[in-house]
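Undergrad: Input structure: work26.cif, which contains mmCIF, C-alpha atoms.
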```
data_final
loop_
_atom_site.label_atom_id
_atom_site.label_comp_id
_atom_site.auth_asym_id
_atom_site.auth_seq_id
_atom_site.Cartn_x
_atom_site.Cartn_y
_atom_site.Cartn_z
CA MET A 1 150.96 251.48 162.07
CA THR A 2 152.53 250.99 158.63
CA THR A 3 156.19 251.71 157.92
CA ALA A 4 155.18 254.84 155.99
CA GLY A 5 152.99 255.98 158.89
CA THR A 6 155.80 255.42 161.38
CA ALA A 7 158.22 257.40 159.22
CA ALA A 8 155.73 260.26 158.90
CA ALA A 9 155.16 260.32 162.68
CA THR A 10 158.92 260.36 163.27
CA THR A 11 159.31 263.23 160.82
CA ARG A 12 156.60 265.23 162.57
CA THR A 13 158.24 264.59 165.94
CA TRP A 14 161.56 265.89 164.67
CA GLN A 15 159.89 268.92 163.15
CA TRP A 16 158.19 269.79 166.43
CA SER A 17 161.46 269.21 168.31
CA ALA A 18 163.29 271.52 165.89
CA LEU A 19 160.65 274.19 166.53
CA GLY A 20 161.13 273.63 170.27
CA VAL A 21 164.88 274.21 169.92
CA LEU A 22 164.14 277.36 167.92
CA ALA A 23 161.87 278.62 170.73
CA VAL A 24 164.65 278.02 173.27
CA LEU A 25 167.18 279.83 171.07
CA LEU A 26 164.90 282.85 170.61
CA LEU A 27 164.26 283.13 174.34
CA GLY A 28 167.98 282.65 174.96
CA ALA A 29 168.78 285.51 172.61
CA ALA A 30 166.25 287.69 174.45
CA THR A 31 167.93 286.74 177.75
CA ARG A 32 171.34 287.73 176.44
CA PHE A 33 169.92 291.03 175.16
CA LEU A 34 168.46 291.87 178.57
CA GLU A 35 171.60 290.80 180.42
CA GLN A 36 173.77 293.08 178.31
CA ASN A 37 171.46 296.09 178.08
CA VAL A 38 169.50 296.38 181.34
CA PRO A 39 172.56 297.66 183.30
CA SER A 40 173.03 300.48 180.75
CA TRP A 41 169.32 301.31 180.79
CA PHE A 42 169.48 301.69 184.57
CA ALA A 43 173.02 302.99 184.86
CA GLY A 44 172.55 304.36 188.36
CA SER A 45 171.19 301.12 189.78
CA GLY A 46 173.55 298.68 191.45
CA LEU A 47 170.77 296.11 191.51
CA ALA A 48 170.43 296.14 187.72
CA LYS A 49 174.14 295.34 187.37
CA ALA A 50 173.91 292.57 189.95
CA ILE A 51 171.04 290.65 188.33
CA GLU A 52 172.49 287.65 186.50
CA PHE A 53 171.37 285.80 183.39
CA PRO A 54 169.59 282.95 185.28
CA VAL A 55 167.00 285.49 186.47
CA TYR A 56 166.16 286.68 182.95
CA ALA A 57 166.36 283.15 181.50
CA ILE A 58 164.02 281.56 184.03
CA VAL A 59 161.53 284.45 183.88
CA LEU A 60 161.42 284.36 180.08
CA GLY A 61 161.20 280.57 180.15
CA LEU A 62 158.23 280.76 182.52
CA LEU A 63 156.53 283.34 180.31
CA GLY A 64 157.15 281.15 177.28
CA ASN A 65 155.77 278.20 179.23
CA ALA A 66 152.53 280.09 179.96
CA VAL A 67 152.11 281.26 176.37
CA LEU A 68 152.83 277.86 174.79
CA THR A 69 150.60 276.07 177.30
CA ALA A 70 147.73 278.45 176.56
CA ALA A 71 148.25 277.86 172.84
CA GLY A 72 148.34 274.09 173.32
CA LEU A 73 151.85 273.82 171.89
CA ARG A 74 154.09 273.20 174.90
CA GLU A 75 153.89 269.41 174.94
CA ARG A 76 154.46 269.20 171.19
CA LEU A 77 157.54 271.41 171.40
CA SER A 78 158.92 269.80 174.58
CA GLY A 79 161.27 267.52 172.63
CA GLY A 80 163.38 270.60 171.90
CA PHE A 81 163.73 271.64 175.53
CA ARG A 82 167.10 269.92 175.93
CA THR A 83 167.78 270.96 179.51
CA GLU A 84 170.17 268.13 180.35
CA PHE A 85 172.30 268.59 177.23
CA PHE A 86 172.58 272.36 177.73
CA ILE A 87 173.45 271.99 181.42
CA LYS A 88 176.12 269.35 180.92
CA THR A 89 177.77 271.22 178.06
CA GLY A 90 177.80 274.44 180.08
CA LEU A 91 179.42 272.75 183.06
CA VAL A 92 182.10 271.15 180.93
CA LEU A 93 182.93 274.62 179.61
CA LEU A 94 182.95 275.93 183.19
CA GLY A 95 186.02 273.79 183.77
CA ALA A 96 187.95 275.87 181.22
CA SER A 97 187.69 278.90 183.51
CA ILE A 98 189.38 277.15 186.43
CA ASN A 99 193.16 277.44 186.38
CA LEU A 100 194.38 274.68 188.66
CA LYS A 101 197.88 276.14 188.73
CA VAL A 102 196.64 279.40 190.27
CA ILE A 103 194.69 277.51 192.91
CA VAL A 104 197.57 275.20 193.85
CA THR A 105 200.34 277.81 193.90
CA ALA A 106 198.59 280.95 195.12
CA ALA A 107 195.66 279.91 197.21
CA GLY A 108 196.77 277.73 200.13
CA PRO A 109 194.48 279.47 202.64
CA ALA A 110 191.66 279.41 200.09
CA ILE A 111 191.96 275.63 199.71
CA ALA A 112 191.87 275.15 203.49
CA GLN A 113 188.87 277.48 203.78
CA ALA A 114 187.02 275.78 200.94
CA LEU A 115 187.49 272.28 202.37
CA VAL A 116 186.34 273.19 205.87
CA LEU A 117 183.54 275.52 204.80
CA ILE A 118 182.04 273.17 202.23
CA SER A 119 182.15 270.25 204.66
CA VAL A 120 180.54 272.13 207.56
CA VAL A 121 177.83 273.90 205.55
CA PHE A 122 176.99 270.89 203.36
CA LEU A 123 176.62 268.56 206.33
CA PHE A 124 174.55 271.09 208.31
CA THR A 125 172.19 271.67 205.37
CA TRP A 126 171.88 267.94 204.73
CA TRP A 127 171.14 267.31 208.43
CA LEU A 128 168.57 270.10 208.74
CA GLY A 129 166.87 269.08 205.51
CA GLY A 130 166.54 265.57 206.90
CA ARG A 131 165.11 266.85 210.17
CA LEU A 132 162.47 268.81 208.25
CA GLY A 133 161.65 265.85 206.04
CA LEU A 134 162.86 267.14 202.68
CA ASP A 135 163.20 264.76 199.76
CA ASP A 136 166.78 263.45 199.60
CA ARG A 137 167.32 264.78 196.09
CA LEU A 138 166.21 268.27 197.04
CA ARG A 139 168.46 268.05 200.13
CA ALA A 140 171.39 267.25 197.87
CA LEU A 141 170.69 270.21 195.61
CA LEU A 142 170.24 272.70 198.45
CA SER A 143 173.31 271.41 200.31
CA SER A 144 175.50 271.65 197.20
CA ALA A 145 174.18 275.07 196.21
CA VAL A 146 174.64 276.81 199.55
CA SER A 147 178.00 275.21 200.38
CA ILE A 148 179.85 275.37 197.05
CA CYS A 149 178.89 277.78 194.29
CA GLY A 150 175.17 278.18 193.97
CA VAL A 151 173.49 277.46 190.66
CA SER A 152 176.42 275.60 189.06
CA ALA A 153 176.74 273.26 192.03
CA ALA A 154 173.00 272.63 192.09
CA ILE A 155 173.08 271.76 188.39
CA ALA A 156 175.96 269.32 188.89
CA ALA A 157 174.29 267.73 191.91
CA ALA A 158 171.02 267.39 189.99
CA GLY A 159 172.79 265.26 187.41
CA ALA A 160 174.40 263.09 190.08
CA VAL A 161 171.22 262.37 192.05
CA GLN A 162 168.74 262.46 189.14
CA ALA A 163 166.71 265.29 190.67
CA LYS A 164 163.51 266.64 189.18
CA ARG A 165 163.71 269.77 187.05
CA GLU A 166 161.28 271.51 189.40
CA GLN A 167 163.66 270.84 192.29
CA LEU A 168 166.52 272.36 190.31
CA ALA A 169 164.42 275.40 189.45
CA TYR A 170 163.47 275.83 193.11
CA SER A 171 167.10 275.58 194.23
CA ALA A 172 168.28 278.04 191.58
CA SER A 173 165.58 280.50 192.57
CA LEU A 174 166.63 280.35 196.23
CA VAL A 175 170.28 280.90 195.30
CA ILE A 176 169.41 284.01 193.31
CA ALA A 177 167.03 285.36 195.96
CA PHE A 178 169.66 285.13 198.69
CA ALA A 179 172.65 286.17 196.58
CA LEU A 180 171.27 289.52 195.41
CA PRO A 181 170.98 291.23 198.84
CA SER A 182 174.33 289.71 199.89
CA ILE A 183 176.06 291.77 197.20
CA PHE A 184 175.34 294.93 199.17
CA VAL A 185 175.01 293.61 202.73
CA LEU A 186 178.36 291.81 203.04
CA PRO A 187 180.62 294.69 201.85
CA ALA A 188 178.73 297.03 204.20
CA LEU A 189 179.17 294.63 207.12
CA ALA A 190 182.84 294.15 206.27
CA SER A 191 183.34 297.91 206.44
CA LEU A 192 181.34 298.14 209.68
CA LEU A 193 183.41 295.38 211.29
CA GLY A 194 186.66 296.98 210.13
CA LEU A 195 187.82 293.88 208.24
CA SER A 196 190.99 294.07 206.16
CA PRO A 197 190.46 293.85 202.38
CA GLU A 198 191.89 290.32 202.35
CA VAL A 199 189.63 289.07 205.14
CA ALA A 200 186.63 290.82 203.57
CA GLY A 201 187.39 289.22 200.20
CA ALA A 202 187.75 285.74 201.71
CA TRP A 203 184.46 286.21 203.56
CA ILE A 204 182.64 287.38 200.43
CA GLY A 205 184.13 284.68 198.19
CA GLY A 206 183.34 281.90 200.64
CA ASN A 207 179.83 283.08 201.36
CA ILE A 208 178.02 284.40 198.29
CA ASP A 209 176.81 281.53 196.16
CA THR A 210 177.31 282.75 192.58
CA THR A 211 180.50 283.86 190.87
CA ALA A 212 179.02 286.99 189.28
CA ALA A 213 177.56 288.12 192.60
CA VAL A 214 180.93 287.51 194.27
CA THR A 215 182.56 289.70 191.64
CA ALA A 216 180.02 292.48 192.20
CA ALA A 217 180.38 292.38 196.00
CA GLY A 218 184.16 292.12 195.81
CA ALA A 219 184.31 295.18 193.56
CA LEU A 220 182.30 297.14 196.14
CA ALA A 221 184.80 296.11 198.82
CA GLY A 222 187.87 297.14 196.79
CA GLU A 223 190.41 295.69 194.37
CA ASP A 224 192.37 293.70 196.97
CA ALA A 225 189.15 292.23 198.34
CA LEU A 226 188.02 291.35 194.82
CA ALA A 227 191.29 289.50 194.10
CA ILE A 228 190.97 287.30 197.20
CA ALA A 229 187.22 286.79 196.73
CA THR A 230 187.80 285.54 193.19
CA ILE A 231 190.47 283.04 194.23
CA VAL A 232 188.33 281.73 197.08
CA LYS A 233 185.28 281.31 194.85
CA VAL A 234 187.23 279.64 192.02
CA THR A 235 188.73 277.24 194.57
CA GLN A 236 185.25 276.27 195.73
CA ASN A 237 184.11 275.88 192.11
CA ALA A 238 186.92 273.40 191.52
CA LEU A 239 185.54 271.12 194.23
CA ILE A 240 182.25 270.54 192.41
CA GLY A 241 183.61 267.31 190.94
CA VAL A 242 184.62 265.94 194.34
CA VAL A 243 181.15 266.54 195.77
CA VAL A 244 179.46 265.00 192.72
CA VAL A 245 181.53 261.81 193.11
CA ALA A 246 180.53 261.62 196.78
CA LEU A 247 176.84 262.18 196.00
CA THR A 248 176.89 259.53 193.28
CA ALA A 249 178.32 256.96 195.67
CA TRP A 250 175.97 257.94 198.52
CA PHE A 251 172.82 257.66 196.41
CA ALA A 252 173.96 254.38 194.88
CA PHE A 253 174.85 252.72 198.20
CA ARG A 254 172.28 254.25 200.56
CA VAL A 255 169.44 256.31 199.11
CA ASP A 256 168.40 254.35 196.01
CA ARG A 257 169.48 250.89 197.12
CA ARG A 258 166.72 248.45 198.10
CA PRO A 259 167.29 246.41 201.29
CA ASP A 260 167.21 243.11 199.36
CA ALA A 261 169.42 244.35 196.51
CA PRO A 262 173.09 243.30 196.23
CA ARG A 263 175.77 245.81 197.10
CA PRO A 264 176.47 248.07 194.08
CA GLY A 265 179.76 247.35 192.37
CA ALA A 266 182.15 249.53 190.41
CA GLY A 267 180.09 249.01 187.27
CA GLU A 268 176.95 250.39 188.90
CA LEU A 269 178.82 253.42 190.22
CA TRP A 270 180.21 254.08 186.76
CA ARG A 271 176.75 253.77 185.21
CA ARG A 272 175.31 256.32 187.65
CA PHE A 273 178.28 258.67 187.61
CA PRO A 274 177.58 261.83 185.51
CA LYS A 275 180.23 261.51 182.81
CA PHE A 276 180.20 265.23 182.06
CA VAL A 277 182.19 265.75 185.29
CA LEU A 278 185.12 264.08 183.53
CA GLY A 279 184.73 266.67 180.78
CA PHE A 280 184.72 269.40 183.44
CA VAL A 281 188.02 268.11 184.87
CA ALA A 282 189.55 267.60 181.42
CA ALA A 283 188.61 271.15 180.36
CA SER A 284 190.21 272.52 183.52
CA VAL A 285 193.41 270.55 182.99
CA LEU A 286 193.61 271.56 179.31
CA ALA A 287 192.96 275.22 180.13
CA THR A 288 195.64 275.15 182.85
CA TRP A 289 198.15 273.56 180.46
CA TYR A 290 197.24 275.96 177.66
CA LEU A 291 197.65 279.06 179.81
CA THR A 292 201.19 277.98 180.69
CA THR A 293 202.20 277.63 177.02
CA VAL A 294 200.90 280.86 175.46
CA THR A 295 201.18 284.56 176.12
CA ALA A 296 198.92 285.87 178.88
CA GLY A 297 196.81 288.07 176.61
CA HIS A 298 196.11 285.37 174.03
CA GLY A 299 195.33 282.82 176.72
CA LYS A 300 192.76 285.11 178.32
CA GLU A 301 191.11 285.67 174.93
CA VAL A 302 190.68 281.93 174.35
CA VAL A 303 189.37 281.32 177.86
CA GLY A 304 187.05 284.29 177.35
CA VAL A 305 185.53 282.58 174.30
CA ALA A 306 184.99 279.39 176.33
CA ASN A 307 183.36 281.42 179.11
CA ASP A 308 181.04 283.12 176.62
CA LEU A 309 180.00 279.75 175.19
CA ARG A 310 179.43 278.47 178.73
CA THR A 311 177.14 281.41 179.43
CA TRP A 312 175.16 280.72 176.28
CA PHE A 313 174.63 277.05 177.10
CA LEU A 314 173.61 277.82 180.68
CA ILE A 315 171.19 280.48 179.43
CA LEU A 316 169.59 277.89 177.15
CA ALA A 317 169.47 275.46 180.08
CA PHE A 318 167.64 277.90 182.33
CA VAL A 319 165.24 278.88 179.57
CA SER A 320 164.46 275.17 179.14
CA ILE A 321 163.94 274.78 182.89
CA GLY A 322 161.40 277.59 182.77
CA LEU A 323 159.65 276.02 179.78
CA GLU A 324 159.43 272.62 181.49
CA PHE A 325 158.49 273.99 184.91
CA ARG A 326 155.39 272.66 186.68
CA VAL A 327 153.98 274.51 189.68
CA ALA A 328 152.47 271.42 191.32
CA SER A 329 155.83 270.02 192.42
CA LEU A 330 156.82 273.26 194.16
CA ARG A 331 153.51 273.42 196.01
CA GLU A 332 154.30 270.03 197.46
CA ALA A 333 157.65 271.29 198.82
CA GLY A 334 156.10 274.19 200.76
CA TRP A 335 158.06 276.44 203.14
CA ARG A 336 160.60 273.91 204.38
CA PRO A 337 163.23 274.29 201.64
CA VAL A 338 163.23 278.07 202.21
CA ALA A 339 163.76 277.56 205.95
CA VAL A 340 166.60 275.12 205.33
CA PHE A 341 168.32 277.42 202.84
CA ALA A 342 167.95 280.45 205.12
CA ALA A 343 169.36 278.62 208.15
CA ALA A 344 172.25 277.24 206.09
CA THR A 345 173.01 280.73 204.80
CA VAL A 346 173.32 282.01 208.37
CA VAL A 347 175.70 279.16 209.23
CA ASN A 348 177.66 279.90 206.06
CA VAL A 349 177.99 283.57 207.02
CA VAL A 350 179.27 282.79 210.51
CA VAL A 351 181.63 279.94 209.60
CA ALA A 352 183.03 281.78 206.55
CA LEU A 353 183.79 284.85 208.68
CA ALA A 354 185.55 282.76 211.32
CA LEU A 355 187.64 280.98 208.67
CA ALA A 356 188.45 284.23 206.87
CA LEU A 357 189.68 285.80 210.12
CA ALA A 358 191.73 282.72 211.01
CA LEU A 359 193.31 282.15 207.59
CA PHE A 360 193.56 285.60 205.99
CA SER A 361 194.38 288.00 208.84
CA GLY A 362 197.78 289.41 207.98
CA PHE A 363 197.61 287.87 204.50
CA SER A 364 198.68 290.16 201.64
CA ALA A 365 196.99 290.12 198.26
CA ALA A 366 199.98 291.82 196.67
#
```
What is this structure when it is put down as structure tokens?

TA:
Amino acid sequence: MTTAGTAAATTRTWQWSALGVLAVLLLGAATRFLEQNVPSWFAGSGLAKAIEFPVYAIVLGLLGNAVLTAAGLRERLSGGFRTEFFIKTGLVLLGASINLKVIVTAAGPAIAQALVLISVVFLFTWWLGGRLGLDDRLRALLSSAVSICGVSAAIAAAGAVQAKREQLAYSASLVIAFALPSIFVLPALASLLGLSPEVAGAWIGGNIDTTAAVTAAGALAGEDALAIATIVKVTQNALIGVVVVALTAWFAFRVDRRPDAPRPGAGELWRRFPKFVLGFVAASVLATWYLTTVTAGHGKEVVGVANDLRTWFLILAFVSIGLEFRVASLREAGWRPVAVFAAATVVNVVVALALALALFSGFSAA
């Protein structure tokens, strides 16, 4: 091909990619519209309030996928489906919502609960996934999602282990499917068991896998329960980076290493390590420092802007996942990931309740 022909082909590629980005933005705007307006359209429905943006984003992405595939445009536009960029940017911004000072000074029991709960549930899920023959990358995603904080943890783990987008979509779908009923079931069970608000909040925060669903369930259980649930969940969120480091090392030394290959060195670990995790930590440190230097109201406004940007980038990420989704990979997975996630959820419920009773009985949220 001549130089002029190459330049023309490059120009066409960029044009199609730009149109792909535009498609993602339009579907993202539609997602945001539904997220903000569906609860008011169905004001009497608790379910409508509980549905989070990943549901709308993935559904619209899948619809867009079907339409563009039928029109023969999906492959041409695929250069604009920048899933990895949107995910990494969103997770960096997630760090700005984590105030390390609050966790260190006001959440001793929450830190203890998070460390024990994440370890037990992650290892159980990893073990069961291995027994049922799941792909190691899907095991990593499911284990991270159910033990830490759902969709965000699955996204971070996907970057660390280089998982397929279909595996991430599957994991996210399972998180959402299990989180929605938990919003109503756990507060009802807490009331039935006569749990104190603090114990109920710790149980909810340690169990439900998404922050928005934790907030909804905590609100149903009362203000004191909501305060504890939020601290517990934020504490677990902060441990995403630790788990990602461990997964990076494990996959470098054990999963992806050939028997005849030399032992990976520090350089190989650094090459494989998802650098956006450093941005996540830096954003958390900066946000913590900033909140200690400004008035409370102004600090919350700035963090609120960062949270809104985070939501936008994650919406675009999930839209892109839907647009890139291929059914064939999920058919290969079958029923086993659902069984693993369900069993791990049961273990999470039991262990989280035991830890909440042990660490938060007699604890005051005041």

Undergrad: Calculated over all atoms listed in the file, which of the candidates A:Val319, A:Leu132, A:Leu168, A:Val146 has the smallest distance to Ser119 (chain A)?

TA: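 Among A:Val319, A:Leu132, A:Leu168, A:Val146, it is A:Val146 that comes nearest to Ser119 (chain A).
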
Undergrad: Please, which residues are within 10 Å of (163.4, 271.0, 190.2) by the file's coordinates, counting all atoms listed in the file, and could they come as a CSV table (one decimal) with C-alpha atoms, keeping the file's coordinate frame?

TA:
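Output file point07.csv follows:
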```
chain,number,residue,atom,x,y,z
A,137,ARG,CA,167.3,264.8,196.1
A,138,LEU,CA,166.2,268.3,197.0
A,141,LEU,CA,170.7,270.2,195.6
A,154,ALA,CA,173.0,272.6,192.1
A,155,ILE,CA,173.1,271.8,188.4
A,158,ALA,CA,171.0,267.4,190.0
A,163,ALA,CA,166.7,265.3,190.7
A,164,LYS,CA,163.5,266.6,189.2
A,165,ARG,CA,163.7,269.8,187.0
A,166,GLU,CA,161.3,271.5,189.4
A,167,GLN,CA,163.7,270.8,192.3
A,168,LEU,CA,166.5,272.4,190.3
A,169,ALA,CA,164.4,275.4,189.4
A,170,TYR,CA,163.5,275.8,193.1
A,171,SER,CA,167.1,275.6,194.2
A,172,ALA,CA,168.3,278.0,191.6
A,321,ILE,CA,163.9,274.8,182.9
A,324,GLU,CA,159.4,272.6,181.5
A,325,PHE,CA,158.5,274.0,184.9
A,326,ARG,CA,155.4,272.7,186.7
A,329,SER,CA,155.8,270.0,192.4
A,330,LEU,CA,156.8,273.3,194.2
```

Undergrad: Could you list the residues chosen by the PyMOL selection byres ((chain A and resi 96) around 8) in this structure as a PyMOL selection string?

TA: chain A and resi 92-95+97-99+280+283-288+303+306-307

Undergrad: Mind telling me what the PyMOL selection byres ((chain A and resi 76) around 8) catches here, as a PyMOL selection string?

TA: chain A and resi 13+16-17+73-75+77-79

Undergrad: Find, counting all atoms listed in the file, the residue in A:Ala153, A:Leu189, A:Ala317, A:Leu68 that gets nearest to Phe53 (chain A).

TA: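 Among the listed residues, the smallest separation from Phe53 (chain A) belongs to A:Ala317.
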
Undergrad: Which one is closest to Val340 (chain A): A:Arg139, A:Arg12, A:Lys233, A:Arg310? Count all atoms listed in the file.

TA: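 Among the listed residues, A:Arg139 lies closest to Val340 (chain A).
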
Undergrad: Rounded to one decimal in Å, what is the spacing between CA of Ala200 (chain A) and CA of Leu291 (chain A)?

TA: 28.7 Å

Undergrad: Which is closer to Asp135 (chain A) than all the others in A:Val161, A:Ile240, A:Leu115, A:Leu62, using all atoms listed in the file?

TA: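 With all atoms listed in the file as the atom set, the closest residue is A:Val161.
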
Undergrad: Just want the 12 Å neighbourhood of Val243 (chain A), counted on all atoms listed in the file, with same-chain residues fewer than 6 positions away dropped. Output as a PyMOL selection string.

TA: chain A and resi 115+118-119+122-123+140-141+143-145+147-149+153-154+156-161+236-237+249-250+273-274+277

Undergrad: Within 9 Å of Leu60 (chain A), counting all atoms listed in the file, which residues show up once you throw out same-chain ones fewer than 2 positions away? Write them as number ranges by chain, please.

TA: A: 27-28, 30-31, 55-58, 62-65, 319, 322-323

Undergrad: Determine the nearest neighbour of Ala342 (chain A) from the options A:Ser196, A:Leu117, A:Phe33, A:Thr125, counting all atoms listed in the file.

TA: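 Checking each of A:Ser196, A:Leu117, A:Phe33, A:Thr125 against Ala342 (chain A), counting all atoms listed in the file, the winner is A:Thr125.
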
Undergrad: Just to confirm, what's the straight-line distance from CA of Leu316 (chain A) to CA of Val214 (chain A) in Å (one decimal)?

TA: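 CA of Leu316 (chain A) sits 22.7 Å away from CA of Val214 (chain A).
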
Undergrad: Any chance you could resolve the PyMOL selection byres ((chain A and resi 114) around 12) against this file and give the residues as a PDB file with C-alpha atoms, keeping the file's coordinate frame?

TA:
```
ATOM      1  CA  ILE A 103     194.690 277.510 192.910  1.00  0.00           C
ATOM      2  CA  ALA A 107     195.660 279.910 197.210  1.00  0.00           C
ATOM      3  CA  GLY A 108     196.770 277.730 200.130  1.00  0.00           C
ATOM      4  CA  PRO A 109     194.480 279.470 202.640  1.00  0.00           C
ATOM      5  CA  ALA A 110     191.660 279.410 200.090  1.00  0.00           C
ATOM      6  CA  ILE A 111     191.960 275.630 199.710  1.00  0.00           C
ATOM      7  CA  ALA A 112     191.870 275.150 203.490  1.00  0.00           C
ATOM      8  CA  GLN A 113     188.870 277.480 203.780  1.00  0.00           C
ATOM      9  CA  LEU A 115     187.490 272.280 202.370  1.00  0.00           C
ATOM     10  CA  VAL A 116     186.340 273.190 205.870  1.00  0.00           C
ATOM     11  CA  LEU A 117     183.540 275.520 204.800  1.00  0.00           C
ATOM     12  CA  ILE A 118     182.040 273.170 202.230  1.00  0.00           C
ATOM     13  CA  SER A 119     182.150 270.250 204.660  1.00  0.00           C
ATOM     14  CA  VAL A 120     180.540 272.130 207.560  1.00  0.00           C
ATOM     15  CA  VAL A 121     177.830 273.900 205.550  1.00  0.00           C
ATOM     16  CA  PHE A 122     176.990 270.890 203.360  1.00  0.00           C
ATOM     17  CA  SER A 147     178.000 275.210 200.380  1.00  0.00           C
ATOM     18  CA  ILE A 148     179.850 275.370 197.050  1.00  0.00           C
ATOM     19  CA  CYS A 149     178.890 277.780 194.290  1.00  0.00           C
ATOM     20  CA  ALA A 202     187.750 285.740 201.710  1.00  0.00           C
ATOM     21  CA  TRP A 203     184.460 286.210 203.560  1.00  0.00           C
ATOM     22  CA  GLY A 205     184.130 284.680 198.190  1.00  0.00           C
ATOM     23  CA  GLY A 206     183.340 281.900 200.640  1.00  0.00           C
ATOM     24  CA  ASN A 207     179.830 283.080 201.360  1.00  0.00           C
ATOM     25  CA  ALA A 229     187.220 286.790 196.730  1.00  0.00           C
ATOM     26  CA  ILE A 231     190.470 283.040 194.230  1.00  0.00           C
ATOM     27  CA  VAL A 232     188.330 281.730 197.080  1.00  0.00           C
ATOM     28  CA  LYS A 233     185.280 281.310 194.850  1.00  0.00           C
ATOM     29  CA  VAL A 234     187.230 279.640 192.020  1.00  0.00           C
ATOM     30  CA  THR A 235     188.730 277.240 194.570  1.00  0.00           C
ATOM     31  CA  GLN A 236     185.250 276.270 195.730  1.00  0.00           C
ATOM     32  CA  ASN A 237     184.110 275.880 192.110  1.00  0.00           C
ATOM     33  CA  ALA A 238     186.920 273.400 191.520  1.00  0.00           C
ATOM     34  CA  LEU A 239     185.540 271.120 194.230  1.00  0.00           C
ATOM     35  CA  ILE A 240     182.250 270.540 192.410  1.00  0.00           C
ATOM     36  CA  ASN A 348     177.660 279.900 206.060  1.00  0.00           C
ATOM     37  CA  VAL A 351     181.630 279.940 209.600  1.00  0.00           C
ATOM     38  CA  ALA A 352     183.030 281.780 206.550  1.00  0.00           C
ATOM     39  CA  LEU A 355     187.640 280.980 208.670  1.00  0.00           C
ATOM     40  CA  ALA A 356     188.450 284.230 206.870  1.00  0.00           C
ATOM     41  CA  LEU A 359     193.310 282.150 207.590  1.00  0.00           C
TER      42      LEU A 359
END
```

Undergrad: In Å, with one decimal, what is the gap from CA of Arg32 (chain A) to CA of Pro54 (chain A)?

TA: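 These atoms are spaced 10.2 Å apart.
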
Undergrad: Write out as an NGL selection string the residues lying within 7 Å of Arg82 (chain A), counting only C-alpha atoms and excluding same-chain residues fewer than 3 positions away.

TA: :A and (85-86 or 320)

Undergrad: Please write out, as JSON, where the centre of an axis-aligned box around all listed atoms of region 143-162 of chain A lies and how long its edges are, in Å to one decimal, after adding 4 Å on each side.

TA:
```
{"center_x": 174.3, "center_y": 270.3, "center_z": 193.9, "size_x": 19.1, "size_y": 23.8, "size_z": 21.0}
```
